[in-house]
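Read through the structure below, which is laid out as structure tokens, and then see the notes.
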Amino acid sequence: MGNLTNAVKHLLIINVLVFIATQIYGDQMYVWFALWYPENPNFEWWQIVSHMFMHGNFMHILFNMYGLWAFGTPLERMWGRNKFLFFYFSAGLGAALLHTLVNYYFFSDALQALIDGGVAENQIMEIISQGKYSPSWNDIIGESNVDSFLSAFNTPAVGASGAIYGVLVAFAFAFSEAELMLIFLPIPIKAKYFVPLLIAGDLFFGFTGTATGIAHFAHVGGAITGFIMMWYWKKNQFNNKRWN
């Protein structure tokens, strides 16, 4: 680990330790530290940050930590520790914000449709707060809408992916000519094309509802936040300044 920069090294260590703790303590870790929908009884304010250190399985943390090491290390060397950490957590918060806003859209739209269909709001909230639902709701708003409604409320977000997508965007800005490869498409692609391709894939899967189980809009939120910060820093000649 001597080749790692300080912030990247410490982030890797914390993520691995939290992952080990999750394997030991199981679902309770997700209850405490994953990011729940704000109206869910499990929601706590610290989850806005803590969810960035939670991961669903070994492959999830492996890919995220690889991305953190591969793309975060050159950025920290260029920016310094404090500036990199500021950028990393800002991208993660942006990812959490867009993910929550998208969930709010699906949740509030379906909730209002159920209310318009004659179901009392307090009854709906009481049922879903217990992790249950009424099959009769399928007849009112359709099964797919019920699934989206319940998923928005009951499925917590975990992972550093949103922050990593921000890091990817920053890498594409700073090292646009660097050649990267997708595992399933072993063809060198310049970073300035590679990163937009990944984001376009998340937009496609997010809007079409395919490749479920992945918080695609969290990825997009991290990427958008990273892009805005890099654009602002470049415009104000701020990108070349180090924060040690």
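Chain lettering (A, B, ...) mirrors the order of the structure tokens, residue numbering begins at 1 for each chain separately, and ligand numbering begins at 1 in order of display.
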So that I can check the surroundings of Met181 in chain A, please list as a list in words every protein, DNA and RNA residue that reaches within 9 Å of it, counting only C-alpha atoms and ignoring chain neighbours fewer than 6 positions away.
Ile187, Pro188, Ile189, Lys190 and Phe194 of chain A
Could you pull the residues within 12 Å of Gln23 in chain A, counting only C-alpha atoms, minus those fewer than 3 positions along the same chain, as a compact mmCIF listing (two decimals) with N, CA, C and O atoms, in the first residue's frame?
```txt
# COMPACT_ATOMS: atom_id res chain seq x y z
N VAL A 16 -13.20 -1.51 3.47
CA VAL A 16 -12.97 -2.93 3.72
C VAL A 16 -13.38 -3.30 5.14
O VAL A 16 -14.03 -4.34 5.37
N LEU A 17 -13.06 -2.46 6.11
CA LEU A 17 -13.44 -2.74 7.50
C LEU A 17 -14.96 -2.76 7.67
O LEU A 17 -15.50 -3.63 8.37
N VAL A 18 -15.63 -1.82 7.03
CA VAL A 18 -17.09 -1.79 7.11
C VAL A 18 -17.69 -3.02 6.42
O VAL A 18 -18.66 -3.60 6.91
N PHE A 19 -17.09 -3.44 5.31
CA PHE A 19 -17.58 -4.63 4.62
C PHE A 19 -17.42 -5.86 5.49
O PHE A 19 -18.33 -6.70 5.57
N ILE A 20 -16.28 -5.98 6.18
CA ILE A 20 -16.07 -7.11 7.09
C ILE A 20 -17.09 -7.07 8.23
O ILE A 20 -17.68 -8.11 8.59
N GLY A 26 -24.36 -8.63 9.70
CA GLY A 26 -25.47 -8.91 8.79
C GLY A 26 -26.40 -7.74 8.54
O GLY A 26 -25.98 -6.58 8.43
N ASP A 27 -27.69 -8.05 8.48
CA ASP A 27 -28.70 -7.08 8.07
C ASP A 27 -28.76 -5.85 8.96
O ASP A 27 -29.17 -4.78 8.51
N GLN A 28 -28.39 -5.98 10.21
CA GLN A 28 -28.46 -4.83 11.11
C GLN A 28 -27.56 -3.69 10.63
O GLN A 28 -27.89 -2.52 10.81
N MET A 29 -26.47 -4.02 9.99
CA MET A 29 -25.59 -2.98 9.44
C MET A 29 -26.30 -2.19 8.35
O MET A 29 -26.14 -0.97 8.25
N TYR A 30 -27.10 -2.89 7.53
CA TYR A 30 -27.86 -2.20 6.48
C TYR A 30 -28.95 -1.31 7.09
O TYR A 30 -29.22 -0.22 6.60
N MET A 54 -20.87 1.30 2.58
CA MET A 54 -21.56 0.01 2.60
C MET A 54 -21.57 -0.61 1.21
O MET A 54 -21.65 0.11 0.21
N HIS A 55 -21.47 -1.93 1.15
CA HIS A 55 -21.53 -2.62 -0.14
C HIS A 55 -22.33 -3.91 -0.01
O HIS A 55 -22.36 -4.53 1.06
N GLY A 56 -22.97 -4.28 -1.13
CA GLY A 56 -23.88 -5.42 -1.09
C GLY A 56 -23.20 -6.77 -1.13
O GLY A 56 -23.70 -7.73 -0.54
N ASN A 57 -22.08 -6.88 -1.82
CA ASN A 57 -21.39 -8.17 -1.92
C ASN A 57 -19.93 -7.93 -2.30
O ASN A 57 -19.51 -6.78 -2.50
N PHE A 58 -19.18 -9.01 -2.42
CA PHE A 58 -17.75 -8.90 -2.66
C PHE A 58 -17.45 -8.23 -4.00
O PHE A 58 -16.55 -7.38 -4.10
```
Nearest-residue call for Met78 in chain A, choices A:Ala174, A:Ile141, A:Leu62, A:Leu168, using only C-alpha atoms
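Of all the options, A:Ala174 lies closest to Met78 in chain A.
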Do a neighbour search on Phe217 in chain A at 10 Å with only C-alpha atoms, toss out local chain neighbours closer than 4 positions, and write the hits as a PyMOL selection string.
chain A and resi 95-103+162+199+202-203+205-207+221-223
Polymer residues at most 12 Å from Asn145 in chain A, only C-alpha atoms, same-chain spacing of 4 or more positions, as a PyMOL selection string:
chain A and resi 105-114+137-141+149-152+209
Between A:Tyr133, A:Phe87, A:Phe173, A:Trp32, which has the minimum distance to Lys234 in chain A (counting only C-alpha atoms)?
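So, comparing all the options, the nearest one is A:Phe173.
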Long-range neighbours of range 1-13 of chain A as an MDAnalysis selection string, 6 Å cut-off, only C-alpha atoms, 2 positions minimum in chain:
chainID A and resid 15:16 73 81
Store the residues picked out above, limited to N, CA, C and O atoms, as a PDB file, in the first residue's frame.
```pdb
ATOM      1  N   ASN A  15     -13.592   1.266   3.909  1.00  0.00           N
ATOM      2  CA  ASN A  15     -14.579   0.479   3.161  1.00  0.00           C
ATOM      3  C   ASN A  15     -14.430  -1.015   3.440  1.00  0.00           C
ATOM      4  O   ASN A  15     -15.430  -1.719   3.621  1.00  0.00           O
ATOM      5  N   VAL A  16     -13.201  -1.506   3.469  1.00  0.00           N
ATOM      6  CA  VAL A  16     -12.966  -2.931   3.722  1.00  0.00           C
ATOM      7  C   VAL A  16     -13.384  -3.296   5.137  1.00  0.00           C
ATOM      8  O   VAL A  16     -14.028  -4.337   5.371  1.00  0.00           O
ATOM      9  N   THR A  73      -6.294   7.745  -7.327  1.00  0.00           N
ATOM     10  CA  THR A  73      -4.893   7.977  -6.974  1.00  0.00           C
ATOM     11  C   THR A  73      -4.250   9.106  -7.793  1.00  0.00           C
ATOM     12  O   THR A  73      -3.639  10.016  -7.222  1.00  0.00           O
ATOM     13  N   ARG A  81      -4.628  15.841  -0.787  1.00  0.00           N
ATOM     14  CA  ARG A  81      -5.584  15.034  -0.018  1.00  0.00           C
ATOM     15  C   ARG A  81      -6.919  15.738   0.225  1.00  0.00           C
ATOM     16  O   ARG A  81      -7.985  15.187  -0.045  1.00  0.00           O
TER      17      ARG A  81
END
```
Taking only range 25-226 of chain A into account, list the residues labelled helix (DSSP H, G or I) by DSSP (computed from the backbone), as a PDB file with C-alpha atoms, in the first residue's frame.
```pdb
ATOM      1  CA  TYR A  25     -23.349  -8.333  11.882  1.00  0.00           C
ATOM      2  CA  ASP A  27     -28.703  -7.084   8.067  1.00  0.00           C
ATOM      3  CA  GLN A  28     -28.456  -4.834  11.113  1.00  0.00           C
ATOM      4  CA  MET A  29     -25.593  -2.978   9.442  1.00  0.00           C
ATOM      5  CA  TYR A  30     -27.860  -2.195   6.485  1.00  0.00           C
ATOM      6  CA  VAL A  31     -30.588  -0.999   8.847  1.00  0.00           C
ATOM      7  CA  TRP A  32     -28.154   1.372  10.536  1.00  0.00           C
ATOM      8  CA  PHE A  33     -25.935   2.595   7.732  1.00  0.00           C
ATOM      9  CA  GLN A  47     -26.921   7.485   6.281  1.00  0.00           C
ATOM     10  CA  ILE A  48     -26.383  10.258   3.719  1.00  0.00           C
ATOM     11  CA  VAL A  49     -22.652   9.672   4.270  1.00  0.00           C
ATOM     12  CA  SER A  50     -22.453   6.186   5.816  1.00  0.00           C
ATOM     13  CA  HIS A  51     -24.074   4.477   2.810  1.00  0.00           C
ATOM     14  CA  MET A  52     -20.947   5.338   0.781  1.00  0.00           C
ATOM     15  CA  PHE A  53     -18.992   2.817   2.880  1.00  0.00           C
ATOM     16  CA  PHE A  58     -17.747  -8.901  -2.660  1.00  0.00           C
ATOM     17  CA  MET A  59     -17.894  -8.020  -6.375  1.00  0.00           C
ATOM     18  CA  HIS A  60     -19.611  -4.739  -5.544  1.00  0.00           C
ATOM     19  CA  ILE A  61     -16.838  -3.581  -3.218  1.00  0.00           C
ATOM     20  CA  LEU A  62     -14.121  -5.046  -5.461  1.00  0.00           C
ATOM     21  CA  PHE A  63     -15.119  -2.997  -8.516  1.00  0.00           C
ATOM     22  CA  ASN A  64     -15.699   0.165  -6.500  1.00  0.00           C
ATOM     23  CA  MET A  65     -12.400  -0.068  -4.680  1.00  0.00           C
ATOM     24  CA  TYR A  66     -10.583  -0.809  -7.918  1.00  0.00           C
ATOM     25  CA  GLY A  67     -12.130   2.323  -9.415  1.00  0.00           C
ATOM     26  CA  LEU A  68     -11.175   4.351  -6.356  1.00  0.00           C
ATOM     27  CA  TRP A  69      -7.561   3.163  -6.579  1.00  0.00           C
ATOM     28  CA  ALA A  70      -7.169   3.364 -10.350  1.00  0.00           C
ATOM     29  CA  PHE A  71      -8.801   6.741 -10.930  1.00  0.00           C
ATOM     30  CA  GLY A  72      -8.635   8.380  -7.513  1.00  0.00           C
ATOM     31  CA  THR A  73      -4.893   7.977  -6.974  1.00  0.00           C
ATOM     32  CA  PRO A  74      -3.753  10.201  -9.899  1.00  0.00           C
ATOM     33  CA  LEU A  75      -6.364  12.812  -8.943  1.00  0.00           C
ATOM     34  CA  GLU A  76      -5.178  12.945  -5.340  1.00  0.00           C
ATOM     35  CA  ARG A  77      -1.580  13.265  -6.510  1.00  0.00           C
ATOM     36  CA  MET A  78      -2.644  16.219  -8.639  1.00  0.00           C
ATOM     37  CA  TRP A  79      -5.013  17.903  -6.167  1.00  0.00           C
ATOM     38  CA  ARG A  81      -5.584  15.034  -0.018  1.00  0.00           C
ATOM     39  CA  ASN A  82      -8.093  17.634   1.170  1.00  0.00           C
ATOM     40  CA  LYS A  83      -9.244  18.690  -2.285  1.00  0.00           C
ATOM     41  CA  PHE A  84      -9.672  15.067  -3.358  1.00  0.00           C
ATOM     42  CA  LEU A  85     -11.723  14.224  -0.260  1.00  0.00           C
ATOM     43  CA  PHE A  86     -13.881  17.310  -0.778  1.00  0.00           C
ATOM     44  CA  PHE A  87     -14.543  16.278  -4.367  1.00  0.00           C
ATOM     45  CA  TYR A  88     -15.131  12.599  -3.495  1.00  0.00           C
ATOM     46  CA  PHE A  89     -17.713  13.246  -0.789  1.00  0.00           C
ATOM     47  CA  SER A  90     -19.392  16.016  -2.789  1.00  0.00           C
ATOM     48  CA  ALA A  91     -19.921  13.578  -5.666  1.00  0.00           C
ATOM     49  CA  GLY A  92     -21.257  10.968  -3.215  1.00  0.00           C
ATOM     50  CA  LEU A  93     -23.724  13.479  -1.741  1.00  0.00           C
ATOM     51  CA  GLY A  94     -24.837  14.513  -5.235  1.00  0.00           C
ATOM     52  CA  ALA A  95     -25.441  10.861  -6.047  1.00  0.00           C
ATOM     53  CA  ALA A  96     -27.527  10.399  -2.891  1.00  0.00           C
ATOM     54  CA  LEU A  97     -29.552  13.519  -3.694  1.00  0.00           C
ATOM     55  CA  LEU A  98     -30.502  12.492  -7.240  1.00  0.00           C
ATOM     56  CA  HIS A  99     -31.206   8.909  -6.137  1.00  0.00           C
ATOM     57  CA  THR A 100     -33.539  10.183  -3.414  1.00  0.00           C
ATOM     58  CA  LEU A 101     -35.260  12.631  -5.759  1.00  0.00           C
ATOM     59  CA  VAL A 102     -35.948   9.882  -8.302  1.00  0.00           C
ATOM     60  CA  ASN A 103     -37.301   7.654  -5.528  1.00  0.00           C
ATOM     61  CA  TYR A 104     -39.467  10.549  -4.354  1.00  0.00           C
ATOM     62  CA  TYR A 105     -40.927  10.864  -7.849  1.00  0.00           C
ATOM     63  CA  PHE A 106     -41.832   7.164  -8.059  1.00  0.00           C
ATOM     64  CA  PHE A 107     -43.068   7.048  -4.468  1.00  0.00           C
ATOM     65  CA  SER A 108     -45.171  10.230  -4.423  1.00  0.00           C
ATOM     66  CA  ASP A 109     -46.683   9.553  -7.860  1.00  0.00           C
ATOM     67  CA  ALA A 110     -47.826   6.063  -6.879  1.00  0.00           C
ATOM     68  CA  LEU A 111     -48.963   7.198  -3.413  1.00  0.00           C
ATOM     69  CA  GLN A 112     -51.169   9.902  -4.903  1.00  0.00           C
ATOM     70  CA  ALA A 113     -52.621   7.437  -7.418  1.00  0.00           C
ATOM     71  CA  LEU A 114     -53.515   5.044  -4.583  1.00  0.00           C
ATOM     72  CA  ILE A 115     -55.106   7.874  -2.605  1.00  0.00           C
ATOM     73  CA  ASP A 116     -57.090   8.920  -5.693  1.00  0.00           C
ATOM     74  CA  GLU A 121     -52.861   7.563   3.101  1.00  0.00           C
ATOM     75  CA  ASN A 122     -52.393   6.580   6.755  1.00  0.00           C
ATOM     76  CA  GLN A 123     -53.412   3.031   5.893  1.00  0.00           C
ATOM     77  CA  ILE A 124     -50.875   2.904   3.045  1.00  0.00           C
ATOM     78  CA  MET A 125     -48.061   4.230   5.224  1.00  0.00           C
ATOM     79  CA  GLU A 126     -48.887   1.842   8.046  1.00  0.00           C
ATOM     80  CA  ILE A 127     -48.808  -1.158   5.699  1.00  0.00           C
ATOM     81  CA  ILE A 128     -45.576  -0.306   3.879  1.00  0.00           C
ATOM     82  CA  SER A 129     -43.813   0.669   7.128  1.00  0.00           C
ATOM     83  CA  TRP A 137     -53.124  -2.025  -5.102  1.00  0.00           C
ATOM     84  CA  ASN A 138     -52.152  -3.866  -8.291  1.00  0.00           C
ATOM     85  CA  ASP A 139     -55.686  -3.324  -9.580  1.00  0.00           C
ATOM     86  CA  ILE A 140     -55.497   0.413  -8.882  1.00  0.00           C
ATOM     87  CA  ILE A 141     -52.096   1.447 -10.239  1.00  0.00           C
ATOM     88  CA  GLU A 143     -48.153  -4.232 -10.692  1.00  0.00           C
ATOM     89  CA  SER A 144     -45.097  -2.454 -12.125  1.00  0.00           C
ATOM     90  CA  ASN A 145     -46.024   0.810 -10.396  1.00  0.00           C
ATOM     91  CA  VAL A 146     -46.558  -1.027  -7.122  1.00  0.00           C
ATOM     92  CA  ASP A 147     -43.110  -2.598  -7.499  1.00  0.00           C
ATOM     93  CA  SER A 148     -41.508   0.820  -8.104  1.00  0.00           C
ATOM     94  CA  PHE A 149     -43.444   2.295  -5.179  1.00  0.00           C
ATOM     95  CA  LEU A 150     -42.342  -0.412  -2.768  1.00  0.00           C
ATOM     96  CA  SER A 151     -38.770  -0.445  -4.057  1.00  0.00           C
ATOM     97  CA  ALA A 152     -38.420   3.309  -3.539  1.00  0.00           C
ATOM     98  CA  PHE A 153     -39.597   2.985   0.062  1.00  0.00           C
ATOM     99  CA  ASN A 154     -38.108  -0.331   1.157  1.00  0.00           C
ATOM    100  CA  SER A 161     -20.451   4.023  -6.836  1.00  0.00           C
ATOM    101  CA  GLY A 162     -21.872   7.550  -6.976  1.00  0.00           C
ATOM    102  CA  ALA A 163     -18.645   9.038  -5.622  1.00  0.00           C
ATOM    103  CA  ILE A 164     -16.616   6.812  -7.972  1.00  0.00           C
ATOM    104  CA  TYR A 165     -18.590   8.082 -10.968  1.00  0.00           C
ATOM    105  CA  GLY A 166     -17.692  11.621  -9.947  1.00  0.00           C
ATOM    106  CA  VAL A 167     -14.053  10.528  -9.785  1.00  0.00           C
ATOM    107  CA  LEU A 168     -14.367   8.974 -13.260  1.00  0.00           C
ATOM    108  CA  VAL A 169     -15.668  12.250 -14.676  1.00  0.00           C
ATOM    109  CA  ALA A 170     -12.808  14.158 -13.039  1.00  0.00           C
ATOM    110  CA  PHE A 171     -10.325  11.656 -14.472  1.00  0.00           C
ATOM    111  CA  ALA A 172     -11.811  12.136 -17.949  1.00  0.00           C
ATOM    112  CA  PHE A 173     -11.368  15.904 -17.564  1.00  0.00           C
ATOM    113  CA  ALA A 174      -7.806  15.681 -16.276  1.00  0.00           C
ATOM    114  CA  ALA A 191     -11.238   8.418 -21.217  1.00  0.00           C
ATOM    115  CA  LYS A 192     -13.098  11.342 -22.797  1.00  0.00           C
ATOM    116  CA  TYR A 193     -15.247   8.791 -24.683  1.00  0.00           C
ATOM    117  CA  PHE A 194     -15.169   5.923 -22.169  1.00  0.00           C
ATOM    118  CA  VAL A 195     -16.737   7.808 -19.252  1.00  0.00           C
ATOM    119  CA  PRO A 196     -19.658   9.332 -21.233  1.00  0.00           C
ATOM    120  CA  LEU A 197     -20.332   5.833 -22.606  1.00  0.00           C
ATOM    121  CA  LEU A 198     -20.685   4.481 -19.063  1.00  0.00           C
ATOM    122  CA  ILE A 199     -22.986   7.326 -18.046  1.00  0.00           C
ATOM    123  CA  ALA A 200     -25.121   6.865 -21.169  1.00  0.00           C
ATOM    124  CA  GLY A 201     -25.524   3.199 -20.200  1.00  0.00           C
ATOM    125  CA  ASP A 202     -26.764   4.164 -16.747  1.00  0.00           C
ATOM    126  CA  LEU A 203     -29.219   6.654 -18.218  1.00  0.00           C
ATOM    127  CA  PHE A 204     -30.551   3.995 -20.584  1.00  0.00           C
ATOM    128  CA  PHE A 205     -30.914   1.341 -17.872  1.00  0.00           C
ATOM    129  CA  GLY A 206     -32.355   3.855 -15.413  1.00  0.00           C
ATOM    130  CA  PHE A 207     -35.076   5.166 -17.726  1.00  0.00           C
ATOM    131  CA  THR A 208     -35.970   1.772 -19.189  1.00  0.00           C
ATOM    132  CA  HIS A 216     -28.360   3.899 -11.903  1.00  0.00           C
ATOM    133  CA  PHE A 217     -29.513   7.403 -11.046  1.00  0.00           C
ATOM    134  CA  ALA A 218     -27.091   7.516  -8.118  1.00  0.00           C
ATOM    135  CA  HIS A 219     -24.321   6.895 -10.660  1.00  0.00           C
ATOM    136  CA  VAL A 220     -25.703   9.681 -12.837  1.00  0.00           C
ATOM    137  CA  GLY A 221     -26.007  11.990  -9.829  1.00  0.00           C
ATOM    138  CA  GLY A 222     -22.374  11.449  -8.913  1.00  0.00           C
ATOM    139  CA  ALA A 223     -21.314  12.024 -12.519  1.00  0.00           C
ATOM    140  CA  ILE A 224     -23.342  15.240 -12.823  1.00  0.00           C
ATOM    141  CA  THR A 225     -21.940  16.582  -9.556  1.00  0.00           C
ATOM    142  CA  GLY A 226     -18.421  15.718 -10.665  1.00  0.00           C
TER     143      GLY A 226
END
```
List every residue of range 111-203 of chain A that DSSP, applied to the backbone of this structure, places in strand (DSSP E), and write the result as an MDAnalysis selection string.
chainID A and resid 179:182 185:190
Which residue gives the smallest distance to Trp36 in chain A among A:Pro156, A:Gly142, A:Ala120, A:Pro135, with only C-alpha atoms counted?
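Closest to Trp36 in chain A, using only C-alpha atoms: A:Pro156.
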What does the distance from CA of Phe175 in chain A to CA of Trp233 in chain A come to in Å, to one decimal?
15.3 Å
